[in-house]
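Undergrad: Here you go, structure_5.tsv (TSV, N, CA and C atoms):
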```tsv
chain	number	residue	atom	x	y	z
O	59	MET	N	101.32	94.91	101.01
O	59	MET	CA	102.32	94.98	99.97
O	59	MET	C	101.88	96.01	98.94
O	60	ALA	N	102.76	96.91	98.59
O	60	ALA	CA	102.44	97.99	97.65
O	60	ALA	C	102.72	97.63	96.20
O	61	ASP	N	103.53	96.58	95.97
O	61	ASP	CA	103.86	96.20	94.59
O	61	ASP	C	102.66	95.51	93.95
O	62	ARG	N	102.48	95.77	92.66
O	62	ARG	CA	101.33	95.21	91.96
O	62	ARG	C	101.69	94.81	90.54
O	63	ILE	N	101.07	93.77	90.06
O	63	ILE	CA	101.05	93.43	88.63
O	63	ILE	C	99.62	93.66	88.18
O	64	LEU	N	99.47	94.41	87.09
O	64	LEU	CA	98.14	94.76	86.60
O	64	LEU	C	97.92	94.19	85.20
O	65	VAL	N	96.77	93.61	85.00
O	65	VAL	CA	96.28	93.24	83.67
O	65	VAL	C	94.98	94.01	83.55
O	66	HIS	N	94.95	94.94	82.61
O	66	HIS	CA	93.82	95.89	82.57
O	66	HIS	C	92.95	95.68	81.33
O	67	ARG	N	91.67	95.39	81.57
O	67	ARG	CA	90.63	95.31	80.54
O	67	ARG	C	90.95	94.32	79.42
O	68	LEU	N	91.26	93.10	79.80
O	68	LEU	CA	91.39	92.01	78.84
O	68	LEU	C	90.00	91.77	78.24
O	69	ALA	N	89.86	91.92	76.94
O	69	ALA	CA	88.56	91.76	76.28
O	69	ALA	C	88.35	90.30	75.92
O	70	VAL	N	87.18	89.78	76.29
O	70	VAL	CA	86.81	88.41	75.93
O	70	VAL	C	85.37	88.40	75.44
O	71	PHE	N	85.10	87.50	74.52
O	71	PHE	CA	83.73	87.25	74.10
O	71	PHE	C	83.33	85.93	74.72
O	72	ALA	N	82.24	85.94	75.49
O	72	ALA	CA	81.83	84.74	76.21
O	72	ALA	C	80.32	84.71	76.37
O	73	ARG	N	79.82	83.66	76.97
O	73	ARG	CA	78.37	83.42	77.05
O	73	ARG	C	77.88	83.36	78.50
O	74	HIS	N	78.40	84.22	79.35
O	74	HIS	CA	78.00	84.24	80.75
O	74	HIS	C	76.74	85.08	80.93
O	75	GLY	N	75.92	84.66	81.90
O	75	GLY	CA	74.72	85.43	82.22
O	75	GLY	C	73.59	84.52	82.63
O	76	VAL	N	72.62	85.11	83.28
O	76	VAL	CA	71.47	84.38	83.80
O	76	VAL	C	70.46	84.08	82.69
O	77	LEU	N	70.31	84.98	81.75
O	77	LEU	CA	69.27	84.84	80.73
O	77	LEU	C	69.68	83.89	79.60
O	78	PRO	N	68.72	83.14	79.06
O	78	PRO	CA	69.03	82.23	77.95
O	78	PRO	C	69.65	82.96	76.74
O	79	GLU	N	69.22	84.19	76.48
O	79	GLU	CA	69.77	84.95	75.36
O	79	GLU	C	71.25	85.23	75.54
O	80	GLU	N	71.68	85.41	76.78
O	80	GLU	CA	73.10	85.68	77.03
O	80	GLU	C	73.94	84.45	76.69
O	81	GLU	N	73.40	83.28	76.96
O	81	GLU	CA	74.12	82.05	76.60
O	81	GLU	C	74.10	81.86	75.09
O	82	ARG	N	72.97	82.11	74.47
O	82	ARG	CA	72.82	81.87	73.04
O	82	ARG	C	73.62	82.86	72.20
O	83	LEU	N	73.53	84.16	72.53
O	83	LEU	CA	74.16	85.20	71.73
O	83	LEU	C	75.59	85.52	72.15
O	84	GLY	N	75.87	85.42	73.43
O	84	GLY	CA	77.18	85.82	73.94
O	84	GLY	C	77.33	87.34	73.96
O	85	GLN	N	78.41	87.79	74.57
O	85	GLN	CA	78.67	89.22	74.65
O	85	GLN	C	80.11	89.46	75.07
O	86	ARG	N	80.52	90.70	74.99
O	86	ARG	CA	81.88	91.08	75.36
O	86	ARG	C	81.96	91.37	76.86
O	87	PHE	N	83.06	90.97	77.46
O	87	PHE	CA	83.37	91.28	78.85
O	87	PHE	C	84.79	91.84	78.88
O	88	TYR	N	85.06	92.70	79.86
O	88	TYR	CA	86.42	93.20	80.08
O	88	TYR	C	86.82	92.78	81.49
O	89	ILE	N	87.97	92.11	81.59
O	89	ILE	CA	88.42	91.57	82.86
O	89	ILE	C	89.75	92.22	83.23
O	90	SER	N	89.83	92.73	84.45
O	90	SER	CA	91.05	93.35	84.96
O	90	SER	C	91.50	92.63	86.21
O	91	LEU	N	92.81	92.48	86.34
O	91	LEU	CA	93.41	91.84	87.52
O	91	LEU	C	94.39	92.80	88.16
O	92	GLU	N	94.42	92.78	89.48
O	92	GLU	CA	95.44	93.50	90.25
O	92	GLU	C	95.99	92.51	91.26
O	93	CYS	N	97.23	92.09	91.03
O	93	CYS	CA	97.89	91.13	91.92
O	93	CYS	C	98.90	91.86	92.79
O	94	ARG	N	98.78	91.66	94.09
O	94	ARG	CA	99.74	92.26	95.01
O	94	ARG	C	100.73	91.19	95.43
O	95	LEU	N	102.00	91.54	95.28
O	95	LEU	CA	103.09	90.63	95.62
O	95	LEU	C	104.37	91.44	95.73
O	96	ASP	N	105.37	90.83	96.27
O	96	ASP	CA	106.66	91.49	96.43
O	96	ASP	C	107.44	91.35	95.13
O	97	LEU	N	107.70	92.47	94.47
O	97	LEU	CA	108.43	92.47	93.20
O	97	LEU	C	109.89	92.89	93.36
O	98	SER	N	110.34	93.04	94.60
O	98	SER	CA	111.70	93.55	94.81
O	98	SER	C	112.77	92.59	94.28
O	99	GLU	N	112.61	91.29	94.49
O	99	GLU	CA	113.60	90.33	93.99
O	99	GLU	C	113.66	90.37	92.46
O	100	ALA	N	112.51	90.44	91.80
O	100	ALA	CA	112.47	90.52	90.34
O	100	ALA	C	113.14	91.81	89.85
O	101	GLY	N	112.89	92.89	90.57
O	101	GLY	CA	113.50	94.16	90.19
O	101	GLY	C	115.01	94.17	90.34
O	102	ARG	N	115.49	93.53	91.39
O	102	ARG	CA	116.95	93.47	91.62
O	102	ARG	C	117.64	92.48	90.68
O	103	SER	N	117.00	91.34	90.43
O	103	SER	CA	117.66	90.26	89.68
O	103	SER	C	117.39	90.30	88.18
O	104	ASP	N	116.34	91.00	87.76
O	104	ASP	CA	115.94	91.03	86.35
O	104	ASP	C	115.66	89.61	85.84
O	105	ASP	N	115.08	88.78	86.72
O	105	ASP	CA	114.83	87.37	86.42
O	105	ASP	C	113.33	87.11	86.44
O	106	VAL	N	112.79	86.66	85.33
O	106	VAL	CA	111.35	86.43	85.23
O	106	VAL	C	110.88	85.35	86.21
O	107	ALA	N	111.77	84.46	86.63
O	107	ALA	CA	111.40	83.42	87.60
O	107	ALA	C	111.09	84.01	88.98
O	108	ALA	N	111.46	85.27	89.20
O	108	ALA	CA	111.24	85.91	90.50
O	108	ALA	C	109.95	86.72	90.53
O	109	THR	N	109.11	86.56	89.52
O	109	THR	CA	107.87	87.30	89.45
O	109	THR	C	106.76	86.40	88.95
O	110	VAL	N	105.62	86.99	88.62
O	110	VAL	CA	104.52	86.27	87.99
O	110	VAL	C	104.32	86.91	86.61
O	111	SER	N	104.32	86.09	85.59
O	111	SER	CA	104.19	86.59	84.23
O	111	SER	C	102.78	87.10	83.98
O	112	TYR	N	102.66	88.35	83.54
O	112	TYR	CA	101.34	88.86	83.21
O	112	TYR	C	100.76	88.15	82.00
O	113	ALA	N	101.62	87.59	81.14
O	113	ALA	CA	101.13	86.79	80.03
O	113	ALA	C	100.43	85.53	80.54
O	114	ASP	N	100.99	84.91	81.57
O	114	ASP	CA	100.36	83.73	82.18
O	114	ASP	C	99.04	84.09	82.84
O	115	LEU	N	99.00	85.24	83.53
O	115	LEU	CA	97.76	85.69	84.15
O	115	LEU	C	96.68	85.92	83.10
O	116	ALA	N	97.05	86.54	82.00
O	116	ALA	CA	96.09	86.79	80.92
O	116	ALA	C	95.62	85.48	80.29
O	117	ALA	N	96.53	84.54	80.09
O	117	ALA	CA	96.17	83.26	79.48
O	117	ALA	C	95.20	82.48	80.36
O	118	ILE	N	95.45	82.45	81.67
O	118	ILE	CA	94.55	81.76	82.60
O	118	ILE	C	93.18	82.41	82.58
O	119	THR	N	93.14	83.72	82.62
O	119	THR	CA	91.88	84.46	82.61
O	119	THR	C	91.11	84.18	81.33
O	120	LEU	N	91.78	84.25	80.21
O	120	LEU	CA	91.13	83.99	78.92
O	120	LEU	C	90.60	82.56	78.85
O	121	ASP	N	91.37	81.60	79.33
O	121	ASP	CA	90.94	80.20	79.31
O	121	ASP	C	89.68	79.99	80.14
O	122	ILE	N	89.67	80.49	81.35
O	122	ILE	CA	88.50	80.32	82.23
O	122	ILE	C	87.29	81.04	81.65
O	123	ALA	N	87.49	82.26	81.17
O	123	ALA	CA	86.37	83.08	80.70
O	123	ALA	C	85.75	82.54	79.41
O	124	THR	N	86.54	81.88	78.57
O	124	THR	CA	86.02	81.44	77.28
O	124	THR	C	85.68	79.95	77.24
O	125	ASN	N	86.20	79.16	78.15
O	125	ASN	CA	85.96	77.72	78.10
O	125	ASN	C	85.01	77.20	79.17
O	126	ARG	N	84.60	78.06	80.08
O	126	ARG	CA	83.62	77.69	81.09
O	126	ARG	C	82.47	78.68	81.00
O	127	ARG	N	81.30	78.27	81.51
O	127	ARG	CA	80.14	79.17	81.49
O	127	ARG	C	79.65	79.38	82.91
O	128	PHE	N	79.36	80.63	83.23
O	128	PHE	CA	78.85	81.00	84.54
O	128	PHE	C	77.58	81.82	84.38
O	129	ALA	N	76.62	81.59	85.25
O	129	ALA	CA	75.43	82.43	85.26
O	129	ALA	C	75.77	83.81	85.80
O	130	LEU	N	76.65	83.84	86.80
O	130	LEU	CA	77.00	85.10	87.47
O	130	LEU	C	78.46	85.47	87.19
O	131	ILE	N	78.69	86.75	86.92
O	131	ILE	CA	80.08	87.18	86.74
O	131	ILE	C	80.84	87.13	88.08
O	132	GLU	N	80.11	87.12	89.18
O	132	GLU	CA	80.76	86.92	90.48
O	132	GLU	C	81.44	85.56	90.54
O	133	ALA	N	80.79	84.54	89.99
O	133	ALA	CA	81.36	83.19	89.97
O	133	ALA	C	82.55	83.10	89.02
O	134	LEU	N	82.48	83.80	87.91
O	134	LEU	CA	83.61	83.87	86.99
O	134	LEU	C	84.82	84.49	87.67
O	135	ALA	N	84.60	85.60	88.36
O	135	ALA	CA	85.69	86.27	89.08
O	135	ALA	C	86.28	85.37	90.15
O	136	GLU	N	85.43	84.66	90.86
O	136	GLU	CA	85.90	83.75	91.91
O	136	GLU	C	86.78	82.66	91.32
O	137	ALA	N	86.38	82.09	90.19
O	137	ALA	CA	87.17	81.04	89.55
O	137	ALA	C	88.54	81.56	89.10
O	138	ILE	N	88.57	82.76	88.57
O	138	ILE	CA	89.85	83.36	88.15
O	138	ILE	C	90.75	83.59	89.35
O	139	ALA	N	90.20	84.19	90.41
O	139	ALA	CA	91.00	84.48	91.60
O	139	ALA	C	91.53	83.19	92.22
O	140	GLU	N	90.67	82.21	92.37
O	140	GLU	CA	91.06	80.93	92.98
O	140	GLU	C	92.17	80.25	92.18
O	141	THR	N	92.05	80.25	90.87
O	141	THR	CA	93.05	79.61	90.02
O	141	THR	C	94.39	80.34	90.08
O	142	CYS	N	94.36	81.66	90.02
O	142	CYS	CA	95.61	82.43	90.08
O	142	CYS	C	96.31	82.26	91.42
O	143	LEU	N	95.56	82.29	92.51
O	143	LEU	CA	96.18	82.09	93.83
O	143	LEU	C	96.77	80.69	93.95
O	144	ALA	N	96.08	79.69	93.40
O	144	ALA	CA	96.58	78.31	93.48
O	144	ALA	C	97.83	78.12	92.62
O	145	ARG	N	97.86	78.74	91.47
O	145	ARG	CA	98.96	78.52	90.54
O	145	ARG	C	100.20	79.35	90.85
O	146	PHE	N	100.02	80.49	91.50
O	146	PHE	CA	101.15	81.41	91.71
O	146	PHE	C	101.30	81.74	93.20
O	147	PRO	N	102.12	80.99	93.92
O	147	PRO	CA	102.28	81.22	95.36
O	147	PRO	C	102.82	82.60	95.72
O	148	ARG	N	103.45	83.28	94.79
O	148	ARG	CA	103.98	84.63	95.07
O	148	ARG	C	102.87	85.66	95.27
O	149	ILE	N	101.70	85.44	94.68
O	149	ILE	CA	100.60	86.40	94.79
O	149	ILE	C	100.05	86.36	96.22
O	150	GLU	N	100.01	87.51	96.86
O	150	GLU	CA	99.46	87.62	98.22
O	150	GLU	C	97.96	87.88	98.18
O	151	THR	N	97.55	88.83	97.35
O	151	THR	CA	96.12	89.10	97.14
O	151	THR	C	95.90	89.37	95.67
O	152	ILE	N	94.66	89.13	95.24
O	152	ILE	CA	94.29	89.42	93.86
O	152	ILE	C	92.91	90.07	93.85
O	153	ALA	N	92.80	91.13	93.07
O	153	ALA	CA	91.50	91.76	92.81
O	153	ALA	C	91.13	91.42	91.38
O	154	VAL	N	89.90	90.99	91.18
O	154	VAL	CA	89.40	90.68	89.84
O	154	VAL	C	88.16	91.55	89.61
O	155	ARG	N	88.21	92.30	88.53
O	155	ARG	CA	87.08	93.16	88.16
O	155	ARG	C	86.57	92.69	86.81
O	156	ILE	N	85.26	92.57	86.70
O	156	ILE	CA	84.65	92.19	85.43
O	156	ILE	C	83.63	93.25	85.05
O	157	ASP	N	83.86	93.85	83.89
O	157	ASP	CA	82.93	94.83	83.32
O	157	ASP	C	82.07	94.13	82.28
O	158	LYS	N	80.77	94.38	82.35
O	158	LYS	CA	79.81	93.77	81.44
O	158	LYS	C	79.07	94.91	80.73
O	159	PRO	N	79.62	95.41	79.61
O	159	PRO	CA	79.03	96.58	78.98
O	159	PRO	C	77.66	96.35	78.35
O	160	SER	N	77.33	95.11	78.03
O	160	SER	CA	76.03	94.84	77.40
O	160	SER	C	75.07	94.14	78.34
O	161	ALA	N	75.18	94.45	79.62
O	161	ALA	CA	74.28	93.84	80.60
O	161	ALA	C	72.84	94.15	80.22
O	162	PRO	N	71.96	93.14	80.29
O	162	PRO	CA	70.57	93.35	79.89
O	162	PRO	C	69.78	94.11	80.95
O	163	ILE	N	70.05	95.39	81.02
O	163	ILE	CA	69.40	96.28	81.99
O	163	ILE	C	68.65	97.35	81.20
O	164	PRO	N	67.38	97.58	81.50
O	164	PRO	CA	66.63	98.59	80.74
O	164	PRO	C	66.99	100.01	81.19
O	165	ALA	N	68.23	100.37	80.93
O	165	ALA	CA	68.71	101.71	81.29
O	165	ALA	C	69.91	102.03	80.40
O	166	VAL	N	70.23	103.30	80.28
O	166	VAL	CA	71.41	103.71	79.53
O	166	VAL	C	72.57	103.80	80.51
O	167	LEU	N	73.57	102.95	80.30
O	167	LEU	CA	74.75	102.95	81.18
O	167	LEU	C	75.96	102.47	80.41
O	168	ASP	N	77.13	102.82	80.89
O	168	ASP	CA	78.36	102.36	80.24
O	168	ASP	C	78.55	100.86	80.42
O	169	TYR	N	78.37	100.40	81.66
O	169	TYR	CA	78.56	98.98	81.96
O	169	TYR	C	78.09	98.70	83.37
O	170	ALA	N	77.85	97.44	83.64
O	170	ALA	CA	77.69	96.95	85.01
O	170	ALA	C	78.99	96.21	85.32
O	171	ALA	N	79.40	96.19	86.58
O	171	ALA	CA	80.67	95.55	86.92
O	171	ALA	C	80.63	95.00	88.34
O	172	ILE	N	81.51	94.05	88.58
O	172	ILE	CA	81.74	93.56	89.94
O	172	ILE	C	83.26	93.53	90.15
O	173	GLU	N	83.65	93.57	91.40
O	173	GLU	CA	85.06	93.43	91.75
O	173	GLU	C	85.14	92.65	93.05
O	174	ILE	N	86.01	91.65	93.05
O	174	ILE	CA	86.25	90.89	94.28
O	174	ILE	C	87.73	91.00	94.62
O	175	VAL	N	88.04	90.82	95.89
O	175	VAL	CA	89.42	90.80	96.35
O	175	VAL	C	89.57	89.53	97.20
O	176	ARG	N	90.57	88.73	96.84
O	176	ARG	CA	90.83	87.48	97.56
O	176	ARG	C	92.30	87.40	97.91
O	177	GLY	N	92.57	86.74	99.04
O	177	GLY	CA	93.95	86.57	99.46
O	177	GLY	C	94.15	85.21	100.10
O	178	ARG	N	95.34	85.00	100.52
O	178	ARG	CA	95.68	83.74	101.18
O	178	ARG	C	95.20	83.79	102.62
O	179	PRO	N	94.80	82.64	103.16
O	179	PRO	CA	94.38	82.64	104.56
O	179	PRO	C	95.55	83.01	105.47
O	180	ALA	N	95.24	83.71	106.54
O	180	ALA	CA	96.29	84.06	107.51
O	180	ALA	C	96.79	82.78	108.18
O	181	PRO	N	98.10	82.70	108.44
O	181	PRO	CA	98.62	81.51	109.11
O	181	PRO	C	98.04	81.39	110.51
O	182	GLU	N	97.79	80.17	110.90
O	182	GLU	CA	97.25	79.93	112.23
O	182	GLU	C	98.32	80.20	113.29
O	183	THR	N	97.90	80.81	114.38
O	183	THR	CA	98.84	81.06	115.48
O	183	THR	C	98.70	79.95	116.50
O	184	PRO	N	99.83	79.54	117.08
O	184	PRO	CA	99.78	78.44	118.05
O	184	PRO	C	99.09	78.82	119.35
```
Any chance you could give the structure as structure tokens?
TA:
Amino acid sequence: MADRILVHRLAVFARHGVLPEEERLGQRFYISLECRLDLSEAGRSDDVAATVSYADLAAITLDIATNRRFALIEALAEAIAETCLARFPRIETIAVRIDKPSAPIPAVLDYAAIEIVRGRPAPETP
């Protein structure tokens, strides 16, 4: 599917990370979503019920990122993807990217990041 809904670089302050200082001090994360789904019905009907609200996607992401704690940003991304797929049956696949600009790495870099892509299981064939 070529149609996409994008939520790009949602900024959150959270306490994710392996190190105790990351939990104690917290830091900024940027979370981006790319949801692939068929948007043709929404485009033809101009009906929000025929799509997935990017406001809802942002709210779910913000809730998970700020109200739960993960040692790994991979686990945070997995929780976001799993929740969005469960809540919105129209989404076929979702990519979740998490940028961690203040990663505790002894190097000069813009950010460390991960990206996962998850989709619905293929239907079983008889």
Undergrad: Mind checking which residues fall within 9 Å of region 136-149 of chain O, counting only C-alpha atoms, ignoring those fewer than 3 positions away in the same chain, and posting them as an MDAnalysis selection string?
TA: chainID O and resid 91 93:96 108:110 115 118:119 122:123 131:133 152:154 174:178
Undergrad: Can you work out the spacing between CA of Ser160 (chain O) and CA of Ala116 (chain O) in Å, to one decimal?
TA: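 It comes out at 21.9 Å.
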Undergrad: If we count all atoms listed in the file and set the cut-off at 6 Å, which residues sit around Ala170 (chain O), ignoring sequence neighbours fewer than 2 positions away in its own chain? Please answer as an MDAnalysis selection string.
TA: chainID O and resid 156:159 161 168 172
Undergrad: Please compute the CA of Glu173 (chain O)-CA of Ala100 (chain O) distance, one decimal, in Å.
TA: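 Computing the Euclidean distance for CA of Glu173 (chain O) and CA of Ala100 (chain O) yields 27.6 Å.
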Undergrad: Rank O:Gly75, O:Pro179, O:Pro184, O:Gly101 by their smallest atom-to-atom distance to Glu150 (chain O), using only C-alpha atoms, and report the top residue only.
TA: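 The closest residue to Glu150 (chain O) is O:Pro179.
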Undergrad: Would you pick out the contacts of Ser98 (chain O) at 12 Å or less, using only C-alpha atoms, so that residues sharing its chain but fewer than 6 positions from it are not included, and give the list as a count of residues only?
TA: 10
Undergrad: Restricting the calculation to only C-alpha atoms, which member of O:Ala129, O:Ala72, O:Val166, O:Ala180 is positioned closest to Thr151 (chain O)?
TA: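 The shortest atom-to-atom distance to Thr151 (chain O) comes from O:Ala180.
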Undergrad: Can you tell me how far CA of Leu77 (chain O) sits from CA of Ala171 (chain O), in Å to one decimal?
TA: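 Computing it gives 16.8 Å between the two atoms.
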Undergrad: Using DSSP on the backbone, list every residue of region 61-176 of chain O that comes out as helix (DSSP H, G or I), and give them as JSON, numbers by chain.
TA: {"O": [78, 79, 80, 81, 82, 83, 98, 99, 100, 101, 102, 103, 106, 107, 108, 112, 113, 114, 115, 116, 117, 118, 119, 120, 121, 122, 123, 124, 125, 131, 132, 133, 134, 135, 136, 137, 138, 139, 140, 141, 142, 143, 144, 145]}
Undergrad: Give me every strand (DSSP E) residue in region 89-184 of chain O, going by DSSP on the backbone, as an MDAnalysis selection string.
TA: chainID O and resid 89:94 151:158 170:177
Undergrad: Which one of O:Val76, O:Ala117, O:Ala165, O:Leu97 sits closest to Leu130 (chain O) if you count only C-alpha atoms?
TA: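 That would be O:Val76, the residue with the smallest distance to Leu130 (chain O).
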Undergrad: Counting only N, CA and C atoms, figure out which residue out of O:Asn125, O:Pro78, O:Arg86, O:Tyr112 gets nearest to Leu64 (chain O).
TA: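 So, comparing all the options, the nearest one is O:Tyr112.
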